[in-house]
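To keep things clear, I will list the structure first and then write my remarks on it.
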Amino acid sequence: MTKTEFIHMLMQEGYPEPIEVRQAPNGFLNDHTHPFAVKAFVIDGSIQIVIQGNCKTYLAGDVFQLDFEQLHAESYGPAGVVYLASRKQ
């Protein structure tokens, strides 16, 4: 997927304009939730997300999403990660 396609998808699904998020190389966040749903588009680097013991790695061009208050953990690759994230209440 391209950045343009991602933004178009967000608009169709009622998500607001995304913000750019940068996470440090080899960083991580243990199990946590967010008080919103999120859709994100990876621009650079990599992010691993663990949900209910299932781990998936997302690279540049990939889209990931999390439901409202979905318990997850995340970690970032050796180059960190840059992604666009849109949050929906």
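In the structure tokens, each chain is lettered A, B, ... as it comes, each chain's residues begin at 1, and ligands are numbered from 1 in order of appearance.
All residues of protein, DNA or RNA that reach within 7 Å of Ala24 in chain A, judged by only C-alpha atoms and not counting those fewer than 3 positions away in the chain, are A:Gly27, A:Gly80, A:Val81.
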Discussion item. I'd like to know which residues of chain A are alpha helix (DSSP H) (by DSSP, run on the backbone); could you write them as number ranges by chain?
Written reply: A: 3-12
Discussion item. Which residues are near Asn26 in chain A? Cut-off 10 Å, only C-alpha atoms, ignore same chain within fewer than 2 positions. Put them as a VMD selection string.
Written reply: chain A and resid 23 to 24 28 46 to 47 75 to 81
Fill in: Spatial neighbours of Phe41 in chain A, 10 Å, only C-alpha atoms, chain gap at least 4 places, as a ChimeraX atom specification
/A:1-3,6-7,18,20,58-65,82-86
Worksheet entry | DSSP strand (DSSP E or B) selection over range 5-72 of chain A, as a PyMOL selection string | chain A and resi 19-23+28-32+37-51+54-59+63-66+72
Discussion item. Between CA of Asp31 in chain A and CA of Glu74 in chain A, what distance in Å does the model show, to one decimal?
Written reply: 7.8 Å
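Among the candidates A:Leu10, A:Cys55, A:Val38, A:Ile43, the residue lying nearest to Gln70 in chain A is A:Val38 (atoms considered: only C-alpha atoms).
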Practice prompt. Identify which of the residues A:Val50, A:Lys88, A:Phe68, A:Thr33 lies closest to Pro16 in chain A, counting only C-alpha atoms when measuring atom-to-atom distances.
Written response: A:Lys88
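You can rank A:Gln48, A:Ala40, A:Thr57, A:His72 by their closest distance to Tyr15 in chain A using only C-alpha atoms, and at the top of that list sits A:Ala40.
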Response to the item:
With distances taken over only C-alpha atoms, the candidate from A:Met9, A:Gln52, A:Val42, A:Phe36 nearest Leu66 in chain A is A:Phe36
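Between CA of Lys56 in chain A and CA of Glu5 in chain A lies a distance of 21.9 Å.
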Worksheet item: Which is closest to Ile51 in chain A among A:His34, A:Ala73, A:Pro25, A:Gln89, if we use only C-alpha atoms?
Response: A:Ala73
